[in-house]
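File shown: target.cif (mmCIF, C-alpha atoms).
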```cif
data_protein
#
loop_
_atom_site.label_atom_id
_atom_site.label_comp_id
_atom_site.auth_asym_id
_atom_site.auth_seq_id
_atom_site.Cartn_x
_atom_site.Cartn_y
_atom_site.Cartn_z
CA MET H 16 -101.00 -73.09 -52.40
CA ALA H 17 -102.67 -70.01 -51.01
CA ALA H 18 -103.54 -70.55 -47.38
CA SER H 19 -102.36 -68.07 -44.75
CA ALA H 20 -102.85 -67.80 -40.99
CA THR H 21 -105.46 -65.04 -41.31
CA PRO H 22 -106.82 -64.85 -44.85
CA ARG H 23 -109.23 -62.08 -45.81
CA ALA H 24 -111.59 -64.77 -47.07
CA VAL H 25 -111.73 -68.42 -48.07
CA LEU H 26 -112.75 -69.13 -51.66
CA LEU H 27 -113.55 -72.70 -52.65
CA PHE H 28 -114.17 -73.89 -56.19
CA ASP H 29 -115.95 -76.74 -57.82
CA ILE H 30 -113.82 -78.04 -60.71
CA ASP H 31 -116.10 -79.32 -63.48
CA GLY H 32 -117.75 -76.43 -65.31
CA VAL H 33 -115.85 -73.93 -63.14
CA ILE H 34 -112.14 -74.66 -63.60
CA ARG H 35 -112.48 -76.72 -66.79
CA ASP H 36 -115.11 -77.15 -69.48
CA VAL H 37 -116.38 -80.73 -69.31
CA ALA H 38 -119.00 -80.55 -72.07
CA GLY H 39 -116.74 -82.64 -74.29
CA SER H 40 -115.47 -84.94 -71.54
CA TYR H 41 -117.57 -85.78 -68.46
CA ARG H 42 -120.84 -84.81 -70.13
CA ARG H 43 -119.83 -86.60 -73.31
CA ALA H 44 -118.98 -89.66 -71.21
CA ILE H 45 -122.51 -89.55 -69.78
CA VAL H 46 -123.95 -89.51 -73.30
CA GLU H 47 -121.73 -92.34 -74.53
CA THR H 48 -122.32 -94.47 -71.44
CA VAL H 49 -126.08 -94.13 -71.79
CA ARG H 50 -125.80 -94.84 -75.52
CA HIS H 51 -123.72 -97.95 -74.82
CA PHE H 52 -126.40 -99.52 -72.64
CA SER H 53 -129.56 -98.24 -74.36
CA GLY H 54 -128.81 -97.06 -77.88
CA TRP H 55 -130.21 -93.66 -76.85
CA ALA H 56 -128.02 -90.56 -76.71
CA PRO H 57 -129.46 -87.96 -74.29
CA GLU H 58 -129.26 -84.36 -75.45
CA SER H 59 -127.47 -81.66 -73.49
CA ALA H 60 -130.80 -80.22 -72.33
CA ALA H 61 -131.74 -83.54 -70.72
CA ILE H 62 -128.50 -83.58 -68.74
CA ASP H 63 -128.96 -79.92 -67.75
CA ALA H 64 -132.48 -80.67 -66.53
CA LEU H 65 -131.25 -83.61 -64.49
CA LYS H 66 -128.45 -81.55 -62.94
CA GLY H 67 -130.99 -78.83 -62.21
CA GLU H 68 -132.77 -81.16 -59.80
CA GLY H 69 -129.84 -80.88 -57.40
CA ARG H 70 -129.52 -84.62 -56.72
CA TRP H 71 -127.27 -85.89 -59.51
CA ASN H 72 -123.86 -84.32 -58.95
CA ASN H 73 -122.20 -87.74 -59.39
CA ASP H 74 -122.01 -88.43 -63.14
CA TRP H 75 -122.12 -92.21 -62.68
CA GLN H 76 -125.38 -91.84 -60.79
CA ALA H 77 -126.62 -89.36 -63.40
CA SER H 78 -125.90 -91.88 -66.17
CA MET H 79 -127.80 -94.61 -64.33
CA GLU H 80 -130.74 -92.30 -63.66
CA LEU H 81 -130.99 -91.32 -67.32
CA LEU H 82 -131.07 -95.00 -68.23
CA ARG H 83 -133.76 -95.65 -65.62
CA ARG H 84 -135.93 -92.78 -66.87
CA HIS H 85 -135.48 -93.91 -70.45
CA GLY H 86 -136.90 -97.27 -69.48
CA THR H 87 -133.77 -99.37 -69.98
CA ASP H 88 -134.48 -102.87 -68.66
CA PRO H 89 -132.52 -104.44 -67.23
CA LEU H 90 -130.34 -101.66 -65.90
CA PRO H 91 -126.62 -102.44 -66.07
CA ALA H 92 -124.66 -103.58 -63.06
CA TRP H 93 -123.13 -100.62 -61.25
CA ASP H 94 -119.54 -101.81 -61.66
CA ARG H 95 -120.10 -102.33 -65.38
CA LEU H 96 -121.52 -98.84 -65.83
CA VAL H 97 -118.59 -97.27 -63.96
CA ALA H 98 -116.12 -99.24 -66.10
CA VAL H 99 -117.73 -98.13 -69.36
CA PHE H 100 -117.88 -94.51 -68.19
CA SER H 101 -114.23 -94.60 -67.10
CA ASP H 102 -113.13 -96.10 -70.38
CA HIS H 103 -114.74 -93.23 -72.27
CA TYR H 104 -113.50 -90.54 -69.90
CA PHE H 105 -109.96 -91.69 -69.08
CA GLY H 106 -109.27 -94.11 -71.91
CA GLY H 107 -106.79 -95.90 -69.69
CA ASP H 108 -106.06 -96.81 -66.09
CA PRO H 109 -107.22 -93.89 -63.89
CA GLU H 110 -104.47 -94.73 -61.42
CA GLY H 111 -101.86 -95.14 -64.14
CA ASP H 112 -99.69 -92.76 -66.12
CA PRO H 113 -101.80 -89.86 -67.44
CA ALA H 114 -99.56 -89.76 -70.52
CA LEU H 115 -101.20 -93.05 -71.55
CA TRP H 116 -104.79 -91.81 -71.21
CA ARG H 117 -106.60 -91.63 -74.54
CA GLY H 118 -110.09 -90.64 -73.38
CA PHE H 119 -112.17 -87.51 -73.37
CA ILE H 120 -110.18 -86.02 -70.47
CA GLY H 121 -107.55 -84.93 -72.99
CA SER H 122 -109.95 -82.46 -74.62
CA GLU H 123 -110.97 -80.28 -71.66
CA PRO H 124 -110.52 -76.53 -72.21
CA LEU H 125 -109.34 -74.66 -69.11
CA LEU H 126 -111.48 -71.79 -67.85
CA VAL H 127 -108.72 -70.16 -65.75
CA ASP H 128 -104.92 -70.13 -65.78
CA THR H 129 -102.16 -70.35 -63.20
CA PRO H 130 -101.80 -66.55 -62.76
CA PHE H 131 -105.47 -66.44 -61.74
CA PHE H 132 -104.63 -68.25 -58.50
CA ALA H 133 -101.55 -66.10 -57.95
CA ALA H 134 -103.82 -63.06 -58.19
CA LEU H 135 -106.12 -64.50 -55.53
CA SER H 136 -103.17 -65.17 -53.25
CA ALA H 137 -101.94 -61.61 -53.75
CA ARG H 138 -105.32 -60.40 -52.53
CA GLY H 139 -105.01 -62.39 -49.32
CA ILE H 140 -107.54 -65.03 -50.36
CA ALA H 141 -107.07 -68.65 -49.27
CA TRP H 142 -108.37 -70.94 -52.02
CA GLY H 143 -109.06 -74.61 -52.55
CA PHE H 144 -111.29 -77.10 -54.35
CA VAL H 145 -114.32 -79.20 -53.37
CA SER H 146 -115.26 -81.42 -56.29
CA GLY H 147 -117.14 -84.57 -57.16
CA ALA H 148 -114.47 -85.50 -59.71
CA GLU H 149 -112.41 -88.62 -59.18
CA PRO H 150 -109.09 -87.78 -57.47
CA PRO H 151 -106.92 -88.73 -60.49
CA SER H 152 -109.01 -86.46 -62.73
CA ALA H 153 -108.92 -83.58 -60.24
CA ARG H 154 -105.18 -83.89 -59.69
CA PHE H 155 -104.61 -84.06 -63.45
CA VAL H 156 -106.19 -80.68 -64.11
CA LEU H 157 -104.90 -78.94 -60.98
CA GLU H 158 -101.37 -80.27 -60.73
CA ARG H 159 -100.43 -81.34 -64.24
CA ARG H 160 -102.25 -78.77 -66.37
CA LEU H 161 -102.44 -75.75 -64.04
CA GLN H 162 -99.19 -76.70 -62.28
CA LEU H 163 -100.52 -75.87 -58.83
CA VAL H 164 -98.36 -77.22 -56.03
CA ALA H 165 -100.24 -79.37 -53.50
CA PRO H 166 -103.58 -77.61 -54.11
CA PRO H 167 -106.02 -77.97 -51.19
CA LEU H 168 -108.54 -80.49 -52.51
CA VAL H 169 -111.50 -82.59 -51.45
CA ALA H 170 -112.50 -84.94 -54.29
CA MET H 171 -114.76 -87.96 -54.79
CA GLY H 172 -114.46 -90.51 -52.03
CA GLN H 173 -112.71 -88.11 -49.66
CA ALA H 174 -116.00 -86.78 -48.24
CA PRO H 175 -119.69 -87.53 -48.77
CA ASP H 176 -121.04 -86.41 -52.13
CA LYS H 177 -122.44 -82.90 -52.43
CA PRO H 178 -124.83 -81.46 -51.37
CA ASP H 179 -123.56 -82.90 -48.10
CA PRO H 180 -121.38 -80.02 -46.83
CA THR H 181 -118.88 -82.14 -44.88
CA GLY H 182 -116.02 -81.67 -47.34
CA LEU H 183 -116.67 -77.97 -47.79
CA LEU H 184 -116.77 -77.33 -44.04
CA ALA H 185 -113.60 -79.31 -43.37
CA LEU H 186 -111.53 -77.62 -46.07
CA ALA H 187 -112.91 -74.17 -45.24
CA ALA H 188 -111.90 -74.57 -41.60
CA THR H 189 -108.42 -75.74 -42.58
CA LEU H 190 -107.86 -72.78 -44.87
CA ALA H 191 -109.40 -70.27 -42.46
CA GLY H 192 -106.94 -71.36 -39.77
CA VAL H 193 -109.58 -70.87 -37.08
CA PRO H 194 -112.83 -72.64 -36.17
CA LEU H 195 -115.71 -71.62 -38.38
CA GLY H 196 -118.09 -69.16 -36.78
CA ALA H 197 -118.65 -65.47 -36.26
CA GLY H 198 -114.95 -64.76 -35.84
CA ALA H 199 -113.76 -66.62 -38.94
CA PRO H 200 -113.14 -65.12 -42.39
CA PRO H 201 -116.06 -65.29 -44.83
CA VAL H 202 -116.29 -68.46 -46.94
CA ALA H 203 -117.47 -68.43 -50.56
CA TYR H 204 -118.04 -71.42 -52.82
CA LEU H 205 -118.30 -71.17 -56.60
CA GLY H 206 -120.12 -73.97 -58.40
CA ASP H 207 -122.22 -74.52 -61.50
CA THR H 208 -125.05 -76.75 -60.29
CA VAL H 209 -128.01 -76.63 -57.95
CA ALA H 210 -126.23 -79.21 -55.79
CA ASP H 211 -123.31 -76.79 -55.34
CA VAL H 212 -125.66 -74.05 -54.15
CA GLU H 213 -127.47 -76.46 -51.85
CA THR H 214 -124.12 -77.46 -50.35
CA VAL H 215 -123.64 -73.90 -49.13
CA ARG H 216 -127.18 -73.73 -47.79
CA ARG H 217 -126.60 -76.85 -45.73
CA ALA H 218 -123.22 -75.57 -44.54
CA ARG H 219 -124.96 -72.52 -43.06
CA SER H 220 -127.15 -74.72 -40.89
CA GLU H 221 -124.14 -76.64 -39.61
CA ALA H 222 -121.92 -73.65 -38.87
CA PRO H 223 -124.16 -71.01 -37.28
CA GLY H 224 -122.63 -67.55 -37.26
CA GLN H 225 -120.24 -68.29 -40.11
CA ARG H 226 -120.65 -66.04 -43.13
CA PHE H 227 -121.09 -68.10 -46.32
CA GLU H 228 -121.70 -66.93 -49.86
CA ALA H 229 -123.02 -69.19 -52.61
CA LEU H 230 -121.52 -68.07 -55.91
CA ALA H 231 -122.74 -69.68 -59.11
CA VAL H 232 -121.90 -69.68 -62.81
CA ALA H 233 -123.73 -71.43 -65.63
CA PRO H 234 -121.63 -74.15 -67.30
CA PRO H 235 -119.60 -73.06 -70.35
CA HIS H 236 -121.74 -74.75 -72.99
CA LEU H 237 -124.64 -72.48 -72.03
CA HIS H 238 -122.53 -69.40 -72.78
CA GLN H 239 -122.29 -70.30 -76.46
CA PRO H 240 -124.03 -68.03 -78.99
CA GLY H 241 -127.68 -68.85 -79.48
CA ARG H 242 -128.13 -70.45 -76.06
CA GLU H 243 -129.04 -67.33 -74.10
CA ALA H 244 -132.57 -68.52 -73.33
CA GLU H 245 -131.28 -71.87 -72.04
CA ARG H 246 -128.68 -70.11 -69.91
CA GLN H 247 -131.28 -67.78 -68.44
CA ARG H 248 -133.49 -70.72 -67.48
CA TYR H 249 -130.52 -72.50 -65.92
CA GLU H 250 -129.50 -69.38 -64.00
CA ALA H 251 -133.07 -68.96 -62.78
CA ARG H 252 -132.85 -72.44 -61.22
CA LEU H 253 -129.56 -71.48 -59.54
CA ARG H 254 -131.19 -68.34 -58.09
CA GLN H 255 -134.22 -70.31 -56.95
CA ALA H 256 -131.91 -72.76 -55.22
CA GLY H 257 -130.40 -69.90 -53.22
CA ALA H 258 -127.38 -68.59 -55.15
CA ASP H 259 -126.31 -65.29 -53.61
CA ARG H 260 -124.52 -64.07 -56.72
CA LEU H 261 -124.36 -65.22 -60.34
CA LEU H 262 -121.15 -64.69 -62.27
CA GLY H 263 -120.60 -64.55 -66.01
CA SER H 264 -117.33 -66.46 -65.72
CA THR H 265 -115.03 -67.92 -63.10
CA ARG H 266 -112.52 -65.12 -63.60
CA GLN H 267 -115.07 -62.59 -62.35
CA VAL H 268 -114.36 -63.63 -58.77
CA LEU H 269 -111.28 -61.40 -59.01
CA GLU H 270 -113.64 -58.44 -59.25
CA LEU H 271 -115.25 -59.42 -55.94
CA PHE H 272 -111.97 -59.03 -54.08
CA SER H 273 -110.18 -55.78 -54.83
CA ALA H 274 -106.40 -55.92 -54.63
CA PRO H 275 -105.15 -54.83 -51.21
CA SER H 276 -103.72 -51.33 -51.00
CA PRO H 277 -99.92 -51.13 -51.07
CA PRO H 278 -98.28 -50.33 -47.75
CA ALA H 279 -97.65 -46.69 -46.97
CA PRO H 280 -94.09 -45.51 -47.72
#
```
Encoded form using structure tokens:
Amino acid sequence: MAASATPRAVLLFDIDGVIRDVAGSYRRAIVETVRHFSGWAPESAAIDALKGEGRWNNDWQASMELLRRHGTDPLPAWDRLVAVFSDHYFGGDPEGDPALWRGFIGSEPLLVDTPFFAALSARGIAWGFVSGAEPPSARFVLERRLQLVAPPLVAMGQAPDKPDPTGLLALAATLAGVPLGAGAPPVAYLGDTVADVETVRRARSEAPGQRFEALAVAPPHLHQPGREAERQRYEARLRQAGADRLLGSTRQVLELFSAPSPPAP
């Protein structure tokens, strides 16, 4: 945990596509859920385009919207869709023992490591996470895989879905240690979707005087060889949405905050 009474800055992260690669897990669960109810398997580009609209941060809602646009009739009951999605993603009881999960969640590559957060703390940065992932999934990657102790987290169901900035504002204020405004440390949020960028834009209107920065990174699957044109189009949408800075990877945030100078002897 990296909060201090007077941090140099507050840095908040999305989780999916920023802390872990979910192309083979959450995105695959979208594909398999849609296939289950329609027989149609949406391609990655279709999911990217949907995410680029800035309204479909929740993957259950994204799955239902893909079915609707495909013309599936009747659409499945919401509870049934969530159950099918969860079965693909967790492969077990989300509230149960993670050691028993057999779903796609077990195949998520990490995009950062534990020393990454130690480096942020050493720079005087207070960090935390604002994510649309279900709490068991978020805790699994942060606590079990990255071994972070009580990481500051706002996950699905703990605040309104992004781009509503309620969760971001609440966690930022907690980590800043002072009310948000002109006298508070700057707040940056790193996400990989238009909805993440829009969350920062809305936060600005609700906390006048507070310095916010919308950082953005294209999801990992768009950094694969041969997908440069797709990545550039995706990044253009992030810029158009209002991203202040585009990063090539999550680790590049360390370059934005130089290590503090050692004390004089």
As JSON, please report the centre and edge lengths, rounded to one decimal in Å, of the axis-aligned box that holds all listed atoms of range 26-40 of chain H with 8 Å of padding on each of the six sides.
```
{"center_x": -115.6, "center_y": -77.0, "center_z": -63.0, "size_x": 22.9, "size_y": 31.8, "size_z": 38.6}
```
Pairwise distance, CA of Gly86 in chain H with CA of Pro234 in chain H, equals 27.8 Å
Which residues come within 12 Å of Ala114 in chain H, counting all atoms listed in the file, excluding same-chain residues fewer than 5 positions away, as a ChimeraX atom specification? /H:105-109,120-121,155,159
Residue nearest Ala187 in chain H - candidates H:Ala203, H:Met171, H:Leu269, H:Met79, atoms counted: only C-alpha atoms: H:Ala203
Point-to-point distance in Å for CA of Phe52 in chain H and CA of Arg84 in chain H: 13.0 Å
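The spacing separating CA of His236 in chain H from CA of Glu250 in chain H amounts to 13.0 Å.
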